[in-house]
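**Q** Just so it is clear, I am handing over entry-v1.cif, which has mmCIF, C-alpha atoms (C1' of nucleotides).
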data_start
#
loop_
_atom_site.label_atom_id
_atom_site.label_comp_id
_atom_site.auth_asym_id
_atom_site.auth_seq_id
_atom_site.Cartn_x
_atom_site.Cartn_y
_atom_site.Cartn_z
CA MET Y 1 0.00 0.00 0.00
CA SER Y 2 1.51 3.28 -1.13
CA LYS Y 3 1.66 6.40 1.00
CA GLU Y 4 -0.74 8.09 -1.42
CA GLN Y 5 -3.26 5.30 -0.82
CA ILE Y 6 -2.82 5.59 2.93
CA ILE Y 7 -3.49 9.31 2.75
CA SER Y 8 -6.60 8.71 0.68
CA CYS Y 9 -7.94 6.58 3.53
CA LEU Y 10 -7.07 9.31 6.03
CA ILE Y 11 -8.93 11.87 3.91
CA GLU Y 12 -12.04 9.72 3.92
CA VAL Y 13 -12.07 9.64 7.72
CA PHE Y 14 -11.26 13.34 8.19
CA ARG Y 15 -14.03 14.29 5.76
CA ARG Y 16 -16.57 12.24 7.63
CA TYR Y 17 -15.64 13.00 11.24
CA GLY Y 18 -13.86 16.34 11.09
CA TYR Y 19 -10.48 16.98 12.68
CA GLU Y 20 -11.57 16.72 16.32
CA GLY Y 21 -13.93 13.84 15.61
CA THR Y 22 -11.39 11.58 13.92
CA THR Y 23 -9.47 9.40 16.32
CA LEU Y 24 -6.35 7.37 15.71
CA VAL Y 25 -8.45 4.25 16.18
CA ARG Y 26 -10.67 5.27 13.24
CA LEU Y 27 -7.64 6.13 11.13
CA SER Y 28 -6.18 2.75 12.07
CA GLN Y 29 -9.30 0.90 10.97
CA ALA Y 30 -9.59 2.87 7.73
CA THR Y 31 -6.00 2.23 6.71
CA GLY Y 32 -5.65 -1.24 8.14
CA LEU Y 33 -2.48 -0.04 9.84
CA ASN Y 34 -1.79 -0.20 13.54
CA LYS Y 35 -1.77 3.03 15.50
CA ALA Y 36 1.98 2.80 16.00
CA SER Y 37 2.46 2.09 12.30
CA LEU Y 38 0.71 5.34 11.47
CA TYR Y 39 3.30 7.09 13.63
CA TYR Y 40 6.03 5.50 11.55
CA HIS Y 41 4.65 7.25 8.45
CA PHE Y 42 3.61 10.45 10.24
CA PRO Y 43 5.97 10.97 13.20
CA LYS Y 44 4.31 14.16 14.32
CA GLY Y 45 0.99 12.40 14.73
CA LYS Y 46 -2.53 13.38 13.93
CA GLU Y 47 -1.74 16.94 12.91
CA GLU Y 48 0.82 15.73 10.37
CA MET Y 49 -1.77 13.28 9.03
CA ALA Y 50 -4.21 16.14 8.51
CA GLU Y 51 -1.51 18.18 6.82
CA ALA Y 52 -0.74 15.28 4.50
CA ALA Y 53 -4.44 15.04 3.70
CA LEU Y 54 -4.57 18.74 2.88
CA ASP Y 55 -1.39 18.38 0.80
CA GLN Y 56 -3.12 15.78 -1.34
CA ILE Y 57 -6.14 18.05 -1.81
CA ASP Y 58 -3.76 20.84 -2.81
CA ARG Y 59 -2.33 18.55 -5.48
CA TRP Y 60 -5.86 17.76 -6.65
CA LEU Y 61 -6.64 21.45 -6.95
CA GLU Y 62 -3.54 22.01 -9.07
CA THR Y 63 -3.69 18.93 -11.30
CA GLU Y 64 -7.43 18.49 -11.71
CA ILE Y 65 -8.77 22.05 -11.53
CA LEU Y 66 -6.22 24.82 -12.06
CA VAL Y 67 -4.63 23.13 -15.09
CA LEU Y 68 -8.04 22.90 -16.75
CA LEU Y 69 -8.62 26.60 -16.19
CA ARG Y 70 -5.33 27.33 -17.99
CA GLN Y 71 -6.13 25.29 -21.10
CA PRO Y 72 -6.00 27.08 -24.47
CA GLU Y 73 -9.77 26.88 -24.78
CA THR Y 74 -12.78 29.17 -24.65
CA SER Y 75 -13.80 30.35 -21.19
CA LEU Y 76 -17.05 28.40 -21.42
CA ARG Y 77 -15.32 25.14 -22.29
CA ARG Y 78 -12.80 25.56 -19.49
CA LEU Y 79 -15.55 26.16 -16.97
CA ARG Y 80 -17.39 23.09 -18.23
CA LEU Y 81 -14.27 21.01 -17.78
CA MET Y 82 -13.96 22.31 -14.23
CA SER Y 83 -17.59 21.53 -13.38
CA LYS Y 84 -17.17 17.97 -14.56
CA SER Y 85 -13.97 17.54 -12.57
CA VAL Y 86 -15.53 18.97 -9.41
CA GLU Y 87 -18.54 16.73 -9.75
CA GLN Y 88 -16.31 13.69 -10.07
CA PHE Y 89 -14.10 14.68 -7.16
CA PHE Y 90 -17.02 15.09 -4.78
CA LYS Y 91 -18.66 11.87 -6.01
CA GLU Y 92 -21.67 13.73 -7.37
CA GLY Y 93 -22.11 15.39 -3.99
CA LYS Y 94 -21.99 12.31 -1.82
CA THR Y 95 -18.76 13.35 -0.16
CA SER Y 96 -17.80 16.48 1.77
CA CYS Y 97 -15.15 19.13 1.23
CA LEU Y 98 -12.21 18.74 3.59
CA TRP Y 99 -11.66 22.50 3.57
CA ALA Y 100 -15.19 23.17 4.76
CA VAL Y 101 -15.05 20.42 7.38
CA PHE Y 102 -11.77 21.73 8.77
CA ALA Y 103 -12.68 25.41 8.47
CA LEU Y 104 -15.96 24.97 10.34
CA GLY Y 105 -14.83 22.33 12.81
CA ASP Y 106 -11.47 23.64 13.93
CA GLY Y 107 -11.91 26.48 16.37
CA ASP Y 108 -8.19 27.02 16.82
CA ASP Y 109 -7.66 27.88 13.14
CA LEU Y 110 -4.98 25.20 12.92
CA PHE Y 111 -5.31 24.96 9.16
CA HIS Y 112 -6.77 28.35 8.40
CA ALA Y 113 -3.79 29.75 6.50
CA ARG Y 114 -3.56 26.93 4.00
CA ILE Y 115 -7.29 26.65 3.44
CA HIS Y 116 -7.40 30.39 2.86
CA ARG Y 117 -4.56 30.07 0.39
CA ALA Y 118 -6.11 27.19 -1.54
CA LEU Y 119 -9.51 28.86 -1.84
CA THR Y 120 -7.88 32.09 -2.96
CA LEU Y 121 -5.90 30.29 -5.67
CA TRP Y 122 -9.10 28.74 -6.97
CA ILE Y 123 -11.04 31.99 -6.89
CA GLU Y 124 -8.29 33.93 -8.65
CA ALA Y 125 -7.94 31.30 -11.37
CA LEU Y 126 -11.69 31.40 -11.91
CA ALA Y 127 -11.75 35.19 -11.98
CA LYS Y 128 -9.05 35.16 -14.65
CA VAL Y 129 -11.08 32.83 -16.87
CA ILE Y 130 -14.16 34.98 -16.46
CA THR Y 131 -12.19 38.13 -17.15
CA GLU Y 132 -10.92 36.63 -20.38
CA SER Y 133 -14.50 36.32 -21.60
CA GLY Y 134 -14.74 40.11 -21.53
CA ILE Y 135 -16.18 40.70 -18.06
CA GLY Y 136 -14.66 43.39 -15.86
CA ALA Y 137 -12.24 42.50 -13.08
CA VAL Y 138 -14.53 43.37 -10.17
CA PRO Y 139 -17.66 41.50 -11.30
CA ALA Y 140 -15.44 38.63 -12.44
CA ARG Y 141 -13.99 38.33 -8.97
CA GLU Y 142 -17.47 38.39 -7.47
CA LYS Y 143 -18.68 35.73 -9.87
CA ALA Y 144 -15.69 33.57 -9.00
CA GLU Y 145 -16.52 33.90 -5.31
CA ASP Y 146 -20.12 33.03 -6.12
CA ALA Y 147 -19.00 29.86 -7.84
CA ILE Y 148 -17.03 28.60 -4.85
CA LEU Y 149 -19.72 29.69 -2.44
CA GLN Y 150 -22.41 27.83 -4.37
CA ILE Y 151 -20.32 24.68 -4.60
CA GLN Y 152 -19.65 24.79 -0.86
CA GLY Y 153 -23.24 25.53 0.03
CA ALA Y 154 -24.49 22.78 -2.24
CA LEU Y 155 -22.17 20.30 -0.56
CA MET Y 156 -23.44 21.39 2.85
CA LEU Y 157 -27.02 20.92 1.67
CA ALA Y 158 -26.16 17.54 0.18
CA ARG Y 159 -24.82 16.34 3.48
CA SER Y 160 -27.59 17.85 5.61
CA LEU Y 161 -30.50 16.75 3.44
CA LYS Y 162 -28.90 13.66 1.96
CA ASN Y 163 -29.90 15.05 -1.42
CA THR Y 164 -27.31 15.62 -4.12
CA GLU Y 165 -29.67 17.23 -6.66
CA PRO Y 166 -28.89 20.86 -5.72
CA PHE Y 167 -25.18 20.09 -6.04
CA GLN Y 168 -25.55 18.67 -9.51
CA ARG Y 169 -27.86 21.48 -10.56
CA VAL Y 170 -25.35 24.08 -9.40
CA LEU Y 171 -22.49 22.49 -11.30
CA LYS Y 172 -24.55 22.14 -14.46
CA ARG Y 173 -25.63 25.77 -14.67
CA LEU Y 174 -22.41 27.28 -13.30
CA PRO Y 175 -20.43 27.63 -16.59
CA GLU Y 176 -23.13 29.68 -18.35
CA GLU Y 177 -24.07 31.57 -15.20
CA LEU Y 178 -20.52 32.76 -14.62
CA LEU Y 179 -20.22 34.20 -18.11
CA ASN Y 180 -23.54 36.02 -18.58
CA SER Y 181 -23.39 39.74 -18.02
CA MET J 1 -28.30 34.43 34.63
CA SER J 2 -31.29 32.92 32.85
CA LYS J 3 -31.25 29.55 31.17
CA GLU J 4 -31.68 31.29 27.81
CA GLN J 5 -28.54 33.30 28.47
CA ILE J 6 -26.64 30.18 29.47
CA ILE J 7 -27.68 28.48 26.25
CA SER J 8 -26.56 31.50 24.23
CA CYS J 9 -23.10 31.04 25.70
CA LEU J 10 -23.18 27.34 24.83
CA ILE J 11 -24.15 28.18 21.25
CA GLU J 12 -21.19 30.50 20.91
CA VAL J 13 -18.79 27.73 21.90
CA PHE J 14 -20.45 25.03 19.77
CA ARG J 15 -20.38 27.32 16.75
CA ARG J 16 -16.71 27.98 17.14
CA TYR J 17 -15.40 24.53 18.04
CA GLY J 18 -17.97 22.11 16.63
CA TYR J 19 -19.56 19.34 18.67
CA GLU J 20 -16.47 17.19 19.09
CA GLY J 21 -14.21 20.18 19.56
CA THR J 22 -16.17 21.75 22.41
CA THR J 23 -15.21 20.47 25.82
CA LEU J 24 -16.99 20.92 29.10
CA VAL J 25 -14.08 23.06 30.25
CA ARG J 26 -14.72 25.49 27.39
CA LEU J 27 -18.45 25.50 28.10
CA SER J 28 -17.63 26.15 31.75
CA GLN J 29 -15.44 29.13 30.92
CA ALA J 30 -17.97 30.57 28.47
CA THR J 31 -20.86 30.36 30.93
CA GLY J 32 -18.92 31.08 34.09
CA LEU J 33 -20.53 28.00 35.58
CA ASN J 34 -18.66 25.06 37.02
CA LYS J 35 -18.69 21.78 35.12
CA ALA J 36 -20.91 20.20 37.77
CA SER J 37 -23.23 23.18 37.67
CA LEU J 38 -23.75 22.65 33.97
CA TYR J 39 -24.88 19.13 34.81
CA TYR J 40 -27.44 20.56 37.16
CA HIS J 41 -29.05 22.42 34.24
CA PHE J 42 -28.42 19.68 31.66
CA PRO J 43 -28.43 16.32 33.47
CA LYS J 44 -27.76 14.29 30.33
CA GLY J 45 -24.57 16.21 29.72
CA LYS J 46 -22.97 17.53 26.60
CA GLU J 47 -25.47 16.02 24.19
CA GLU J 48 -28.34 17.66 26.03
CA MET J 49 -26.50 20.97 25.92
CA ALA J 50 -26.16 20.65 22.16
CA GLU J 51 -29.86 19.78 21.89
CA ALA J 52 -30.73 22.85 23.94
CA ALA J 53 -28.57 24.94 21.63
CA LEU J 54 -30.37 23.53 18.59
CA ASP J 55 -33.71 24.12 20.32
CA GLN J 56 -32.87 27.79 20.64
CA ILE J 57 -31.92 27.98 16.96
CA ASP J 58 -35.23 26.30 16.13
CA ARG J 59 -37.02 29.04 18.05
CA TRP J 60 -35.01 31.66 16.16
CA LEU J 61 -36.05 30.09 12.87
CA GLU J 62 -39.69 30.22 13.84
CA THR J 63 -39.84 33.64 15.49
CA GLU J 64 -37.33 35.57 13.38
CA ILE J 65 -37.64 33.95 9.96
CA LEU J 66 -40.74 31.87 9.35
CA VAL J 67 -43.11 34.48 10.85
CA LEU J 68 -41.68 37.10 8.49
CA LEU J 69 -42.32 34.85 5.51
CA ARG J 70 -45.97 34.54 6.57
CA GLN J 71 -46.61 38.30 6.82
CA PRO J 72 -49.46 39.76 4.76
CA GLU J 73 -46.97 41.51 2.48
CA THR J 74 -45.66 41.25 -1.08
CA SER J 75 -43.23 38.40 -1.73
CA LEU J 76 -40.42 40.84 -2.34
CA ARG J 77 -40.94 42.64 0.93
CA ARG J 78 -41.12 39.40 2.88
CA LEU J 79 -37.86 38.23 1.34
CA ARG J 80 -36.23 41.53 2.18
CA LEU J 81 -37.33 41.21 5.79
CA MET J 82 -35.81 37.74 5.87
CA SER J 83 -32.50 38.88 4.41
CA LYS J 84 -32.20 41.57 7.01
CA SER J 85 -33.01 39.15 9.83
CA VAL J 86 -30.51 36.57 8.56
CA GLU J 87 -27.79 39.18 8.28
CA GLN J 88 -28.42 40.29 11.86
CA PHE J 89 -28.50 36.76 13.21
CA PHE J 90 -25.16 35.86 11.68
CA LYS J 91 -23.60 39.18 12.76
CA GLU J 92 -23.05 40.27 9.15
CA GLY J 93 -21.27 36.98 8.47
CA LYS J 94 -18.86 37.05 11.39
CA THR J 95 -20.46 34.01 13.03
CA SER J 96 -21.08 30.48 11.77
CA CYS J 97 -24.23 28.44 11.33
CA LEU J 98 -24.65 25.80 14.02
CA TRP J 99 -26.44 23.51 11.56
CA ALA J 100 -23.51 23.59 9.17
CA VAL J 101 -20.97 23.11 11.93
CA PHE J 102 -22.85 20.13 13.34
CA ALA J 103 -23.77 18.66 9.96
CA LEU J 104 -20.19 18.71 8.71
CA GLY J 105 -18.48 17.91 11.98
CA ASP J 106 -20.59 15.12 13.36
CA GLY J 107 -19.79 11.88 11.57
CA ASP J 108 -22.28 9.89 13.59
CA ASP J 109 -25.26 11.93 12.37
CA LEU J 110 -26.26 12.61 15.98
CA PHE J 111 -28.28 15.66 15.04
CA HIS J 112 -28.98 14.89 11.42
CA ALA J 113 -32.73 14.41 11.77
CA ARG J 114 -33.42 17.74 13.40
CA ILE J 115 -31.08 19.71 11.15
CA HIS J 116 -32.73 18.11 8.15
CA ARG J 117 -36.12 19.05 9.54
CA ALA J 118 -35.18 22.68 10.25
CA LEU J 119 -33.63 23.23 6.83
CA THR J 120 -36.66 21.67 5.16
CA LEU J 121 -39.03 23.95 7.06
CA TRP J 122 -37.08 26.98 5.91
CA ILE J 123 -36.87 25.82 2.30
CA GLU J 124 -40.58 25.03 2.13
CA ALA J 125 -41.55 28.39 3.64
CA LEU J 126 -39.32 30.13 1.10
CA ALA J 127 -40.75 28.10 -1.76
CA LYS J 128 -44.25 29.09 -0.72
CA VAL J 129 -43.36 32.79 -0.80
CA ILE J 130 -41.76 32.42 -4.22
CA THR J 131 -44.76 30.46 -5.52
CA GLU J 132 -47.06 33.24 -4.38
CA SER J 133 -45.23 35.64 -6.70
CA GLY J 134 -46.42 33.55 -9.64
CA ILE J 135 -43.51 31.19 -10.12
CA GLY J 136 -44.18 27.48 -10.64
CA ALA J 137 -43.81 25.01 -7.79
CA VAL J 138 -40.74 23.22 -9.15
CA PRO J 139 -38.59 26.26 -9.98
CA ALA J 140 -39.76 27.89 -6.74
CA ARG J 141 -38.48 24.94 -4.76
CA GLU J 142 -35.17 25.06 -6.59
CA LYS J 143 -34.85 28.77 -5.97
CA ALA J 144 -35.56 28.22 -2.29
CA GLU J 145 -32.82 25.60 -2.14
CA ASP J 146 -30.51 28.02 -3.93
CA ALA J 147 -31.17 30.65 -1.28
CA ILE J 148 -30.20 28.38 1.60
CA LEU J 149 -27.26 26.99 -0.29
CA GLN J 150 -25.92 30.46 -1.04
CA ILE J 151 -26.33 31.61 2.54
CA GLN J 152 -24.51 28.52 3.80
CA GLY J 153 -21.75 28.78 1.22
CA ALA J 154 -21.29 32.46 1.94
CA LEU J 155 -20.91 31.72 5.65
CA MET J 156 -18.32 29.06 4.89
CA LEU J 157 -16.42 31.52 2.73
CA ALA J 158 -16.69 34.19 5.40
CA ARG J 159 -15.11 31.89 7.95
CA SER J 160 -12.43 30.49 5.62
CA LEU J 161 -11.37 33.80 4.09
CA LYS J 162 -12.25 36.04 7.03
CA ASN J 163 -14.17 38.14 4.54
CA THR J 164 -17.86 38.87 5.04
CA GLU J 165 -18.39 40.73 1.77
CA PRO J 166 -19.70 37.75 -0.21
CA PHE J 167 -22.18 37.03 2.57
CA GLN J 168 -23.55 40.54 2.57
CA ARG J 169 -23.64 40.63 -1.24
CA VAL J 170 -25.62 37.38 -1.32
CA LEU J 171 -28.18 38.62 1.18
CA LYS J 172 -28.59 41.91 -0.63
CA ARG J 173 -29.32 40.46 -4.05
CA LEU J 174 -31.26 37.41 -2.85
CA PRO J 175 -34.78 38.93 -2.68
CA GLU J 176 -34.77 40.09 -6.31
CA GLU J 177 -32.87 37.05 -7.55
CA LEU J 178 -35.41 34.65 -6.07
CA LEU J 179 -38.32 36.32 -7.81
CA ASN J 180 -36.98 36.90 -11.33
CA SER J 181 -38.13 34.37 -13.88
"C1'" DG P 1 7.67 -1.43 8.57
"C1'" DT P 2 4.48 -3.40 11.55
"C1'" DC P 3 3.34 -5.02 15.75
"C1'" DT P 4 2.14 -5.32 21.37
"C1'" DA P 5 2.18 -2.94 25.40
"C1'" DT P 6 1.99 1.03 27.89
"C1'" DA P 7 2.40 6.01 29.56
"C1'" DC P 8 -0.07 10.01 30.44
"C1'" DA P 9 -3.29 13.74 29.73
"C1'" DC P 10 -7.80 15.08 29.09
"C1'" DC P 11 -12.65 14.33 28.55
"C1'" DG P 12 -17.34 13.41 30.07
"C1'" DA P 13 -19.68 12.38 34.04
"C1'" DT P 14 -20.82 11.71 39.19
"C1'" DA P 15 -20.74 12.09 44.43
"C1'" DG P 16 -21.44 14.79 48.00
"C1'" DA P 17 -20.52 19.19 50.85
"C1'" DC P 18 -22.46 23.71 51.38
"C1'" DG G 1 -27.73 26.00 42.61
"C1'" DT G 2 -22.96 26.03 42.79
"C1'" DC G 3 -18.98 24.22 44.35
"C1'" DT G 4 -14.56 20.68 45.16
"C1'" DA G 5 -12.97 16.29 44.41
"C1'" DT G 6 -12.68 12.32 41.92
"C1'" DC G 7 -13.74 8.27 38.87
"C1'" DG G 8 -13.55 5.56 34.58
"C1'" DG G 9 -12.84 5.78 29.82
"C1'" DT G 10 -10.70 7.32 25.79
"C1'" DG G 11 -7.44 10.00 23.17
"C1'" DT G 12 -2.69 10.97 21.59
"C1'" DA G 13 1.69 9.47 21.69
"C1'" DT G 14 5.86 6.40 22.68
"C1'" DA G 15 9.02 2.31 23.79
"C1'" DG G 16 10.71 -1.53 22.22
"C1'" DA G 17 10.26 -6.50 20.21
"C1'" DC G 18 10.20 -8.69 15.74
#
In structure tokens, how does this file's structure come out?

**A**
Amino acid sequence: MSKEQIISCLIEVFRRYGYEGTTLVRLSQATGLNKASLYYHFPKGKEEMAEAALDQIDRWLETEILVLLRQPETSLRRLRLMSKSVEQFFKEGKTSCLWAVFALGDGDDLFHARIHRALTLWIEALAKVITESGIGAVPAREKAEDAILQIQGALMLARSLKNTEPFQRVLKRLPEELLNS
Amino acid sequence: MSKEQIISCLIEVFRRYGYEGTTLVRLSQATGLNKASLYYHFPKGKEEMAEAALDQIDRWLETEILVLLRQPETSLRRLRLMSKSVEQFFKEGKTSCLWAVFALGDGDDLFHARIHRALTLWIEALAKVITESGIGAVPAREKAEDAILQIQGALMLARSLKNTEPFQRVLKRLPEELLNS
DNA sequence: GTCTATACACCGATAGAC
DNA sequence: GTCTATCGGTGTATAGAC
């Protein structure tokens, strides 16, 4: 089992139980590794495991989202590619966003800086795409924020209502919505 | 100090640290009451305290939101009243939604049923208002879901980016946006 | 690398004085 | 009603065998 696979298991647990709610026992069960074995891979313990999880999400953002937004394509097509990728990543809405779970669950702002950074990268990349379709910088930025905010809200609704329809609806209409002026 | 005031202190802590992240020590400090004293007011312990917190939010929903949506007023005016009330309740976006914090943080779905119920009440009341402006039942329901989803997403963004502008923008435009066809 | 065994702190909860 | 004192359980983390 590769380290990447281990981290994927960790992510699953963190997403479901939040940072405070995930215990080493749960991480043990999810990975199939003993508690002490987890410390071999992550000597600094639970916090390092969460950091590794966030690292992997950062890589996802870069390789599965930001690259798409830089493609030599029309703005509309790039946004459609992004929607599809987001939908896949969140399993059509059946899974939660680690950023949201950590941001809302961690009162000590342990991971605030990096979550802030990741969200900002995404918003700025989106704003650039929207700008390139001829929309002004300020409304483009606002539309980019709207996109992220709708995705996050839809995921919250999906989890609270056990209904993924709003999430899929949001992702479907997003590309056109972000470009209309 | 009244029980209502005590519960308000509990809510503050739960909102900041999530269910798993709030400890009795923190609740003690926030209320000024000793741990054992808290058990006098809430014999079943932490879970009962969280239930009491959710009870108070339920009362807020009824008395500060749902009543407004039932006023003998135009749809637009009712939605504007709601926006204003929501903005006040969440301190212009500086505070989090207990439903979101509990829904995302609690992996065991301890409070899922009641959060689901509260959100559904809100969505249905909104859909009714939108319907009464002449919009069909299905799009009205979707618009109502959009409203909640945008509010929730905006609160997540506010907490992650420490920026309440998107939240205030969402609430400002929501009344008109929900009624255009 | 993975395990068993264990240390130690903190958490939720209770007993009982006042 | 509020307090001090304390219990049992669980959580994170570590030592050391294999």

**Q** Care to translate the PyMOL selection byres ((chain G and resi 4) around 12) into actual residues of this file, as a PyMOL selection string?

**A** (chain J and resi 34-37) or (chain P and resi 15-18) or (chain G and resi 2-3+5-6)

**Q** Pull the closest atom pair for each residue of chain P that gets at most 12 Å from segment 43-47 of chain J, along with the distance in Å to one decimal, counting all atoms listed in the file, ordering rows by chain and then ascending residue number, as a tab-separated table.

**A**
residue	atom	partner	partner_atom	distance
P:DC11	C1'	J:Lys46	CA	11.0
P:DG12	C1'	J:Gly45	CA	7.8
P:DA13	C1'	J:Gly45	CA	7.6
P:DT14	C1'	J:Pro43	CA	10.6

**Q** Given a cut-off of 8 Å, which residues of chain J touch chain Y, counting only C-alpha atoms, written out as an MDAnalysis selection string?

**A** chainID J and resid 16:18 20:21 96 100:101 103:108 112 115:116 119 142 145:146 148:154 156:157 159:161 166

**Q** Selected by the PyMOL selection byres ((chain G) within 9 of (chain Y)) in the shown coordinates: which residues, as a PDB file with C-alpha atoms (C1' of nucleotides), in the frame of the given file?

**A**
ATOM      1  C1'  DG G  11      -7.440  10.000  23.170  1.00  0.00           C
ATOM      2  C1'  DT G  12      -2.690  10.970  21.590  1.00  0.00           C
ATOM      3  C1'  DA G  13       1.690   9.470  21.690  1.00  0.00           C
ATOM      4  C1'  DT G  14       5.860   6.400  22.680  1.00  0.00           C
TER       5       DT G  14
END

**Q** Check what the PyMOL selection byres ((chain P) within 8 of (chain Y)) selects in the file above and give those residues as a PyMOL selection string.

**A** chain P and resi 1-3

**Q** Between atom CA of Ala127 of chain Y and atom CA of Arg78 of chain Y, what is the distance in Å, rounded to a tenth?

**A**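 Pair atom CA of Ala127 of chain Y / atom CA of Arg78 of chain Y returns 12.3 Å.
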
**Q** Which residue gives the smallest distance to Gly134 of chain J among J:Leu179, J:Ile7, J:Ala118, J:Leu79, with all atoms listed in the file counted?

**A**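 Looking at the shortest contact to Gly134 of chain J, the residue is J:Leu179.
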
**Q** Enter the distance from atom CA of Ser83 of chain Y to atom CA of Leu171 of chain Y, in Å, rounded to one decimal.

**A**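 Computed distance, atom CA of Ser83 of chain Y to atom CA of Leu171 of chain Y, equals 5.4 Å.
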
**Q** Just how far from atom CA of Leu110 of chain Y is atom CA of Gln5 of chain Y, in Å to one decimal?

**A**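 Distance reported for this atom pair: 24.2 Å.
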